[in-house]
>>> print(open('coords-v6.txt').read())   # compact mmCIF, C-alpha atoms
# COMPACT_ATOMS: atom_id res chain seq x y z
CA MET A 1401 -2.84 -31.93 -4.22
CA ASN A 1402 -4.51 -34.18 -1.69
CA ALA A 1403 -4.55 -34.75 2.04
CA SER A 1404 -1.75 -37.32 1.88
CA ALA A 1405 0.60 -34.61 0.57
CA ASN A 1406 0.36 -32.78 3.90
CA PRO A 1407 1.60 -34.04 7.28
CA ARG A 1408 -1.50 -32.49 8.80
CA PRO A 1409 -4.55 -30.55 7.60
CA ILE A 1410 -4.20 -26.86 6.76
CA ARG A 1411 -5.57 -24.95 9.74
CA LEU A 1412 -7.87 -22.06 8.83
CA LEU A 1413 -9.23 -19.02 10.63
CA LEU A 1414 -12.37 -17.53 9.03
CA VAL A 1415 -12.72 -13.77 9.51
CA ASP A 1416 -15.85 -11.93 8.35
CA ASP A 1417 -18.33 -9.65 10.11
CA GLN A 1418 -21.29 -11.46 8.50
CA PRO A 1419 -22.10 -14.77 10.24
CA LEU A 1420 -24.03 -15.99 7.19
CA LEU A 1421 -20.97 -15.65 4.98
CA ARG A 1422 -18.80 -17.45 7.52
CA THR A 1423 -21.35 -20.26 7.52
CA GLY A 1424 -21.19 -20.41 3.74
CA PHE A 1425 -17.41 -20.63 3.74
CA ARG A 1426 -17.55 -23.29 6.43
CA MET A 1427 -19.94 -25.37 4.31
CA VAL A 1428 -17.75 -25.02 1.21
CA LEU A 1429 -14.47 -25.75 2.95
CA GLY A 1430 -15.66 -28.25 5.54
CA GLY A 1431 -15.83 -31.07 3.04
CA GLU A 1432 -12.13 -30.87 2.21
CA THR A 1433 -10.19 -33.48 4.18
CA ASP A 1434 -6.97 -31.46 4.10
CA LEU A 1435 -8.59 -28.28 5.51
CA ASP A 1436 -9.46 -27.74 9.17
CA ILE A 1437 -11.39 -24.64 10.28
CA VAL A 1438 -10.09 -24.01 13.79
CA ALA A 1439 -12.01 -20.81 14.61
CA GLU A 1440 -14.06 -17.87 13.33
CA ALA A 1441 -13.83 -14.13 14.05
CA GLY A 1442 -16.26 -11.29 13.40
CA ASP A 1443 -13.81 -8.38 13.41
CA GLY A 1444 -10.12 -7.58 13.07
CA VAL A 1445 -9.37 -7.31 16.79
CA GLU A 1446 -10.72 -10.81 17.41
CA ALA A 1447 -8.88 -12.06 14.32
CA VAL A 1448 -5.51 -10.85 15.61
CA GLU A 1449 -6.16 -12.31 19.07
CA LEU A 1450 -7.11 -15.71 17.62
CA ALA A 1451 -4.18 -15.67 15.18
CA ARG A 1452 -1.77 -15.08 18.07
CA ARG A 1453 -3.34 -17.79 20.21
CA LEU A 1454 -4.12 -20.50 17.66
CA LEU A 1455 -1.45 -19.87 14.99
CA PRO A 1456 -3.57 -21.03 12.04
CA ASP A 1457 -1.76 -21.68 8.76
CA VAL A 1458 -4.04 -19.38 6.77
CA VAL A 1459 -6.44 -16.58 7.73
CA LEU A 1460 -9.31 -15.90 5.30
CA MET A 1461 -9.66 -12.19 5.98
CA ASP A 1462 -12.50 -9.83 5.12
CA ILE A 1463 -11.49 -6.20 4.60
CA ARG A 1464 -14.39 -4.07 5.81
CA MET A 1465 -15.15 -4.91 9.42
CA PRO A 1466 -15.93 -3.07 12.68
CA ARG A 1467 -13.34 -2.24 15.39
CA MET A 1468 -10.37 -3.11 13.16
CA ASP A 1469 -10.48 -3.55 9.40
CA GLY A 1470 -8.73 -6.33 7.49
CA VAL A 1471 -5.78 -4.15 6.47
CA ALA A 1472 -4.90 -3.25 10.05
CA ALA A 1473 -5.46 -6.84 11.19
CA THR A 1474 -3.21 -8.16 8.41
CA ARG A 1475 -0.50 -5.67 9.31
CA ALA A 1476 -0.70 -6.64 12.98
CA ILE A 1477 -0.38 -10.34 12.16
CA VAL A 1478 2.55 -9.80 9.80
CA GLU A 1479 4.39 -7.38 12.09
CA ALA A 1480 4.06 -9.87 14.96
CA LYS A 1481 6.05 -12.29 12.76
CA LEU A 1482 3.51 -15.03 13.30
CA PRO A 1483 3.83 -18.16 11.13
CA VAL A 1484 0.45 -17.23 9.67
CA ARG A 1485 -0.43 -16.23 6.11
CA VAL A 1486 -3.36 -14.00 5.16
CA LEU A 1487 -5.64 -14.45 2.16
CA ILE A 1488 -7.91 -11.44 1.63
CA LEU A 1489 -11.51 -12.03 0.54
CA THR A 1490 -13.81 -9.15 -0.31
CA THR A 1491 -17.04 -8.34 -2.11
CA PHE A 1492 -15.45 -5.31 -3.72
CA ASP A 1493 -13.27 -5.84 -6.82
CA LEU A 1494 -12.04 -2.25 -6.62
CA ASP A 1495 -11.69 -1.94 -2.88
CA GLU A 1496 -9.53 1.06 -2.01
CA TYR A 1497 -8.07 -0.95 0.85
CA VAL A 1498 -6.59 -3.69 -1.30
CA VAL A 1499 -3.26 -2.02 -2.08
CA GLY A 1500 -2.89 -1.34 1.63
CA ALA A 1501 -3.62 -4.97 2.42
CA LEU A 1502 -1.03 -6.23 -0.04
CA ARG A 1503 1.56 -3.77 1.26
CA ALA A 1504 0.73 -4.87 4.79
CA GLY A 1505 1.84 -8.39 3.87
CA ALA A 1506 -1.25 -10.25 2.67
CA SER A 1507 -0.36 -13.32 0.64
CA GLY A 1508 -3.29 -13.05 -1.73
CA PHE A 1509 -6.48 -11.36 -2.77
CA LEU A 1510 -9.68 -12.93 -4.11
CA ALA A 1511 -13.27 -11.82 -4.56
CA LYS A 1512 -15.85 -13.55 -2.38
CA ASP A 1513 -17.66 -14.83 -5.47
CA VAL A 1514 -14.64 -16.93 -6.47
CA PRO A 1515 -15.64 -20.50 -7.45
CA ALA A 1516 -15.32 -22.96 -4.58
CA ASP A 1517 -12.63 -25.01 -6.31
CA ASP A 1518 -10.54 -21.88 -6.95
CA LEU A 1519 -10.86 -20.84 -3.30
CA VAL A 1520 -9.68 -24.24 -2.10
CA THR A 1521 -6.77 -24.15 -4.53
CA ALA A 1522 -5.85 -20.63 -3.38
CA ILE A 1523 -5.82 -21.71 0.27
CA ARG A 1524 -3.53 -24.63 -0.52
CA THR A 1525 -1.27 -22.39 -2.58
CA VAL A 1526 -0.96 -19.77 0.16
CA ALA A 1527 -0.40 -22.44 2.82
CA ALA A 1528 2.45 -23.82 0.70
CA GLY A 1529 4.21 -20.46 0.84
CA GLU A 1530 3.12 -19.10 -2.53
CA ALA A 1531 0.84 -16.15 -3.20
CA VAL A 1532 -2.40 -15.66 -5.11
CA VAL A 1533 -3.88 -12.63 -6.85
CA ALA A 1534 -6.86 -13.18 -9.14
CA PRO A 1535 -5.73 -11.79 -12.55
CA ARG A 1536 -9.11 -10.14 -13.21
CA ILE A 1537 -8.94 -8.26 -9.92
CA LEU A 1538 -5.26 -7.41 -10.25
CA LYS A 1539 -5.85 -5.81 -13.64
CA ARG A 1540 -8.85 -3.76 -12.50
CA LEU A 1541 -7.10 -2.73 -9.31
CA LEU A 1542 -3.95 -1.58 -11.09
CA ASP A 1543 -5.95 0.20 -13.80
CA ARG A 1544 -7.66 2.18 -11.06
CA PHE A 1545 -4.36 3.23 -9.53
CA ALA A 1546 -2.54 3.77 -12.85
CA ASP A 1547 -2.36 7.55 -12.41
CA ALA A 1548 -0.39 7.11 -9.21
CA LEU A 1549 2.22 4.89 -10.85
CA PRO A 1550 5.61 6.21 -12.01
CA ASP A 1551 6.51 7.37 -15.51
CA PRO A 1552 7.34 4.22 -17.51
CA ASP A 1553 10.04 6.16 -19.39
CA ALA A 1554 11.91 6.95 -16.21
CA ALA A 1555 15.12 5.09 -15.39
CA PRO A 1556 14.63 1.86 -13.41
CA PRO A 1557 14.95 2.34 -9.65
CA ARG A 1558 18.29 1.33 -8.17
CA ASP A 1559 16.65 -1.63 -6.40
CA LEU A 1560 15.83 -3.37 -9.67
CA ARG A 1561 19.39 -3.07 -10.95
CA VAL A 1562 20.43 -5.93 -8.70
CA LEU A 1563 18.41 -8.29 -10.89
CA THR A 1564 19.80 -10.14 -13.89
CA GLU A 1565 18.08 -9.70 -17.24
CA ARG A 1566 16.35 -13.07 -16.87
CA GLU A 1567 15.22 -12.24 -13.32
CA ARG A 1568 13.68 -9.00 -14.60
CA GLU A 1569 11.87 -11.01 -17.29
CA VAL A 1570 10.49 -13.32 -14.62
CA LEU A 1571 9.38 -10.35 -12.52
CA VAL A 1572 7.53 -8.87 -15.50
CA HIS A 1573 5.68 -12.15 -16.07
CA LEU A 1574 4.88 -12.37 -12.35
CA ALA A 1575 3.39 -8.89 -12.48
CA ARG A 1576 1.15 -9.96 -15.34
CA GLY A 1577 -0.35 -12.69 -13.18
CA LEU A 1578 1.32 -15.71 -14.77
CA SER A 1579 1.88 -18.89 -12.77
CA ASN A 1580 5.28 -20.57 -12.58
CA ALA A 1581 4.16 -23.10 -15.20
CA GLU A 1582 3.03 -20.33 -17.55
CA ILE A 1583 6.28 -18.42 -17.06
CA ALA A 1584 8.26 -21.57 -17.78
CA LYS A 1585 6.37 -22.04 -21.05
CA ALA A 1586 6.82 -18.38 -22.05
CA LEU A 1587 10.58 -18.46 -21.41
CA SER A 1588 11.14 -22.05 -22.64
CA VAL A 1589 12.70 -23.16 -19.36
CA SER A 1590 11.75 -25.66 -16.68
CA GLU A 1591 9.33 -24.83 -13.89
CA THR A 1592 12.12 -25.60 -11.40
CA THR A 1593 14.29 -22.95 -13.08
CA VAL A 1594 11.46 -20.43 -12.79
CA LYS A 1595 11.06 -21.20 -9.07
CA THR A 1596 14.79 -20.58 -8.63
CA HIS A 1597 14.57 -17.23 -10.43
CA VAL A 1598 11.53 -16.21 -8.37
CA GLY A 1599 13.44 -17.05 -5.20
CA HIS A 1600 16.37 -14.91 -6.32
CA VAL A 1601 14.07 -11.99 -7.16
CA LEU A 1602 12.44 -12.10 -3.72
CA THR A 1603 15.76 -12.42 -1.91
CA LYS A 1604 17.54 -9.65 -3.83
CA LEU A 1605 14.65 -7.21 -3.46
CA GLY A 1606 13.91 -8.12 0.16
CA LEU A 1607 10.33 -9.15 -0.59
CA ARG A 1608 8.17 -11.50 1.43
CA ASP A 1609 6.41 -13.21 -1.46
CA ARG A 1610 5.35 -12.85 -5.08
CA VAL A 1611 2.40 -10.61 -4.25
CA GLN A 1612 4.80 -7.98 -2.94
CA ALA A 1613 6.88 -8.53 -6.08
CA VAL A 1614 3.82 -7.76 -8.23
CA VAL A 1615 3.10 -4.56 -6.31
CA LEU A 1616 6.76 -3.47 -6.58
CA ALA A 1617 6.84 -4.13 -10.32
CA TYR A 1618 3.94 -1.73 -10.86
CA GLU A 1619 5.06 0.82 -8.29
CA THR A 1620 8.48 1.09 -9.93
CA GLY A 1621 7.05 1.36 -13.44
CA LEU A 1622 8.65 -1.90 -14.63
CA VAL A 1623 5.18 -2.92 -15.79
CA ARG A 1624 2.21 -0.72 -16.60
CA PRO A 1625 -1.47 -1.67 -16.42
CA GLY A 1626 -2.59 -3.10 -19.74
CA SER A 1627 0.97 -3.80 -20.91
>>> encode(input="coords-v6.txt", output="structure tokens")
Amino acid sequence: MNASANPRPIRLLLVDDQPLLRTGFRMVLGGETDLDIVAEAGDGVEAVELARRLLPDVVLMDIRMPRMDGVAATRAIVEAKLPVRVLILTTFDLDEYVVGALRAGASGFLAKDVPADDLVTAIRTVAAGEAVVAPRILKRLLDRFADALPDPDAAPPRDLRVLTEREREVLVHLARGLSNAEIAKALSVSETTVKTHVGHVLTKLGLRDRVQAVVLAYETGLVRPGS
């Protein structure tokens, strides 16, 4: 994906309580012609104010910050129905706030030590309306919360019964961190077909994006950590 694929650069808001880290992100991202850093914030309150005023395409959001943490800030942005998507960045792989952030409507979650190229790709993916969860972090996070998940032998919740068998298969693959291309290969169908199935899953279950679909798949016991 290059700058010519976008009518305008992706507008970013950097949110982190450490100025040095914001500077680092600015240096990494500033060289990309299709990314435009429009502002920075040092806490969640400032982040919400700037998101409301500037309407960036993507907010790179830290979790642990003074005044208002990243979970509360994400929830405020999502509940305000702003055309803004949130990508969580944190130092902590097993941050107890991450599930809350995903439930609040974050469109992705990455560790701050993610390679620069992967961060840029994630930003573009989130800006395009998709969602990103680093597989390594998803696995460790869900392993940590495994005891709180439902009995896998229990009957599927009523919500999942609206899905066709193929849609359930797609949801399982989503929950395991596979991309659309990887799901297409696993099911021997086209990537366009997978995108259609994903859209149906989100619509039928009333979900905002594939990150919420992943959380639901584990919460309902459709998929278990390590499966």
>>> closest_residue(input="coords-v6.txt", among="A:Leu1487, A:Val1520, A:Leu1450, A:Leu1510", to="Glu1432 in chain A", atoms="all atoms listed in the file")
A:Val1520
>>> residues_around(input="coords-v6.txt", residues="Arg1566 in chain A", least_positions_apart="3", cutoff="10 Å", atoms="all atoms listed in the file", output="list of chain:residue names")
A:Leu1563, A:Glu1569, A:Val1570, A:Leu1571, A:Val1572, A:Leu1587, A:Val1594, A:His1597
>>> residues_around(input="coords-v6.txt", residues="Ile1463 in chain A", least_positions_apart="2", cutoff="9 Å", atoms="only C-alpha atoms", output="JSON, numbers by chain")
{"A": [1416, 1444, 1461, 1465, 1469, 1470, 1471, 1473, 1488, 1489, 1490, 1491, 1495, 1497, 1498, 1501]}
>>> residues_near_point(input="coords-v6.txt", point="(12.5, -8.1, -9.1)", cutoff="12 Å", atoms="all atoms listed in the file", output="short mmCIF file (atom, residue, chain, number, x, y, z; two decimals) with C-alpha atoms, keeping the file's coordinate frame")
data_model
loop_
_atom_site.label_atom_id
_atom_site.label_comp_id
_atom_site.auth_asym_id
_atom_site.auth_seq_id
_atom_site.Cartn_x
_atom_site.Cartn_y
_atom_site.Cartn_z
CA PRO A 1556 14.63 1.86 -13.41
CA PRO A 1557 14.95 2.34 -9.65
CA ARG A 1558 18.29 1.33 -8.17
CA ASP A 1559 16.65 -1.63 -6.40
CA LEU A 1560 15.83 -3.37 -9.67
CA ARG A 1561 19.39 -3.07 -10.95
CA VAL A 1562 20.43 -5.93 -8.70
CA LEU A 1563 18.41 -8.29 -10.89
CA THR A 1564 19.80 -10.14 -13.89
CA GLU A 1565 18.08 -9.70 -17.24
CA ARG A 1566 16.35 -13.07 -16.87
CA GLU A 1567 15.22 -12.24 -13.32
CA ARG A 1568 13.68 -9.00 -14.60
CA GLU A 1569 11.87 -11.01 -17.29
CA VAL A 1570 10.49 -13.32 -14.62
CA LEU A 1571 9.38 -10.35 -12.52
CA VAL A 1572 7.53 -8.87 -15.50
CA HIS A 1573 5.68 -12.15 -16.07
CA LEU A 1574 4.88 -12.37 -12.35
CA ALA A 1575 3.39 -8.89 -12.48
CA HIS A 1597 14.57 -17.23 -10.43
CA VAL A 1598 11.53 -16.21 -8.37
CA GLY A 1599 13.44 -17.05 -5.20
CA HIS A 1600 16.37 -14.91 -6.32
CA VAL A 1601 14.07 -11.99 -7.16
CA LEU A 1602 12.44 -12.10 -3.72
CA THR A 1603 15.76 -12.42 -1.91
CA LYS A 1604 17.54 -9.65 -3.83
CA LEU A 1605 14.65 -7.21 -3.46
CA GLY A 1606 13.91 -8.12 0.16
CA LEU A 1607 10.33 -9.15 -0.59
CA ARG A 1608 8.17 -11.50 1.43
CA ASP A 1609 6.41 -13.21 -1.46
CA ARG A 1610 5.35 -12.85 -5.08
CA VAL A 1611 2.40 -10.61 -4.25
CA GLN A 1612 4.80 -7.98 -2.94
CA ALA A 1613 6.88 -8.53 -6.08
CA VAL A 1614 3.82 -7.76 -8.23
CA VAL A 1615 3.10 -4.56 -6.31
CA LEU A 1616 6.76 -3.47 -6.58
CA ALA A 1617 6.84 -4.13 -10.32
CA TYR A 1618 3.94 -1.73 -10.86
CA GLU A 1619 5.06 0.82 -8.29
CA THR A 1620 8.48 1.09 -9.93
CA GLY A 1621 7.05 1.36 -13.44
CA LEU A 1622 8.65 -1.90 -14.63
CA VAL A 1623 5.18 -2.92 -15.79
#
>>> atom_distance(input="coords-v6.txt", atom1="CA of Val1428 in chain A", atom2="CA of Ala1516 in chain A")
6.6 Å
>>> atom_distance(input="coords-v6.txt", atom1="CA of Ile1583 in chain A", atom2="CA of Val1484 in chain A")
27.4 Å
>>> residues_around(input="coords-v6.txt", residues="Val1526 in chain A", least_positions_apart="4", cutoff="12 Å", atoms="only C-alpha atoms", output="PyMOL selection string")
chain A and resi 1410-1412+1457-1460+1484-1488+1506-1510+1519-1522+1530-1533+1609-1611
>>> atom_distance(input="coords-v6.txt", atom1="CA of Arg1503 in chain A", atom2="CA of Gly1529 in chain A")
16.9 Å
>>> closest_residue(input="coords-v6.txt", among="A:Thr1433, A:Thr1474, A:Thr1592, A:Thr1423", to="Ala1447 in chain A", atoms="all atoms listed in the file")
A:Thr1474
>>> closest_residue(input="coords-v6.txt", among="A:Arg1475, A:Arg1453, A:Lys1595, A:Arg1426", to="Glu1440 in chain A", atoms="all atoms listed in the file")
A:Arg1426
>>> closest_residue(input="coords-v6.txt", among="A:Val1415, A:Val1514, A:Ala1528, A:Val1478", to="Ala1441 in chain A", atoms="only C-alpha atoms")
A:Val1415
>>> decode(input="coords-v6.txt", residues="range 1594-1610 of chain A", atoms="N, CA and C atoms", output="compact mmCIF listing (two decimals), in the first residue's frame")
# COMPACT_ATOMS: atom_id res chain seq x y z
N VAL A 1594 -13.94 -14.68 1.89
CA VAL A 1594 -13.67 -14.57 3.33
C VAL A 1594 -14.13 -13.21 3.84
N LYS A 1595 -13.82 -12.14 3.11
CA LYS A 1595 -14.24 -10.80 3.52
C LYS A 1595 -15.76 -10.73 3.63
N THR A 1596 -16.46 -11.38 2.71
CA THR A 1596 -17.92 -11.40 2.77
C THR A 1596 -18.41 -12.12 4.02
N HIS A 1597 -17.80 -13.27 4.32
CA HIS A 1597 -18.18 -14.02 5.52
C HIS A 1597 -17.90 -13.21 6.79
N VAL A 1598 -16.74 -12.56 6.84
CA VAL A 1598 -16.40 -11.74 8.00
C VAL A 1598 -17.45 -10.64 8.19
N GLY A 1599 -17.83 -10.01 7.09
CA GLY A 1599 -18.86 -8.97 7.16
C GLY A 1599 -20.17 -9.49 7.70
N HIS A 1600 -20.55 -10.70 7.27
CA HIS A 1600 -21.80 -11.30 7.76
C HIS A 1600 -21.70 -11.60 9.26
N VAL A 1601 -20.55 -12.12 9.68
CA VAL A 1601 -20.35 -12.43 11.11
C VAL A 1601 -20.51 -11.17 11.95
N LEU A 1602 -19.86 -10.09 11.53
CA LEU A 1602 -19.93 -8.84 12.30
C LEU A 1602 -21.36 -8.30 12.34
N THR A 1603 -22.03 -8.35 11.20
CA THR A 1603 -23.39 -7.81 11.13
C THR A 1603 -24.35 -8.63 11.99
N LYS A 1604 -24.30 -9.95 11.85
CA LYS A 1604 -25.23 -10.81 12.58
C LYS A 1604 -25.03 -10.74 14.09
N LEU A 1605 -23.77 -10.56 14.52
CA LEU A 1605 -23.49 -10.55 15.96
C LEU A 1605 -23.46 -9.13 16.52
N GLY A 1606 -23.66 -8.13 15.67
CA GLY A 1606 -23.69 -6.75 16.13
C GLY A 1606 -22.34 -6.27 16.64
N LEU A 1607 -21.27 -6.67 15.96
CA LEU A 1607 -19.92 -6.34 16.39
C LEU A 1607 -19.33 -5.23 15.54
N ARG A 1608 -18.47 -4.43 16.17
CA ARG A 1608 -17.89 -3.28 15.48
C ARG A 1608 -16.80 -3.68 14.50
N ASP A 1609 -15.96 -4.64 14.89
CA ASP A 1609 -14.88 -5.06 14.02
C ASP A 1609 -14.39 -6.44 14.43
N ARG A 1610 -13.34 -6.93 13.78
CA ARG A 1610 -12.90 -8.30 14.01
C ARG A 1610 -12.23 -8.47 15.37
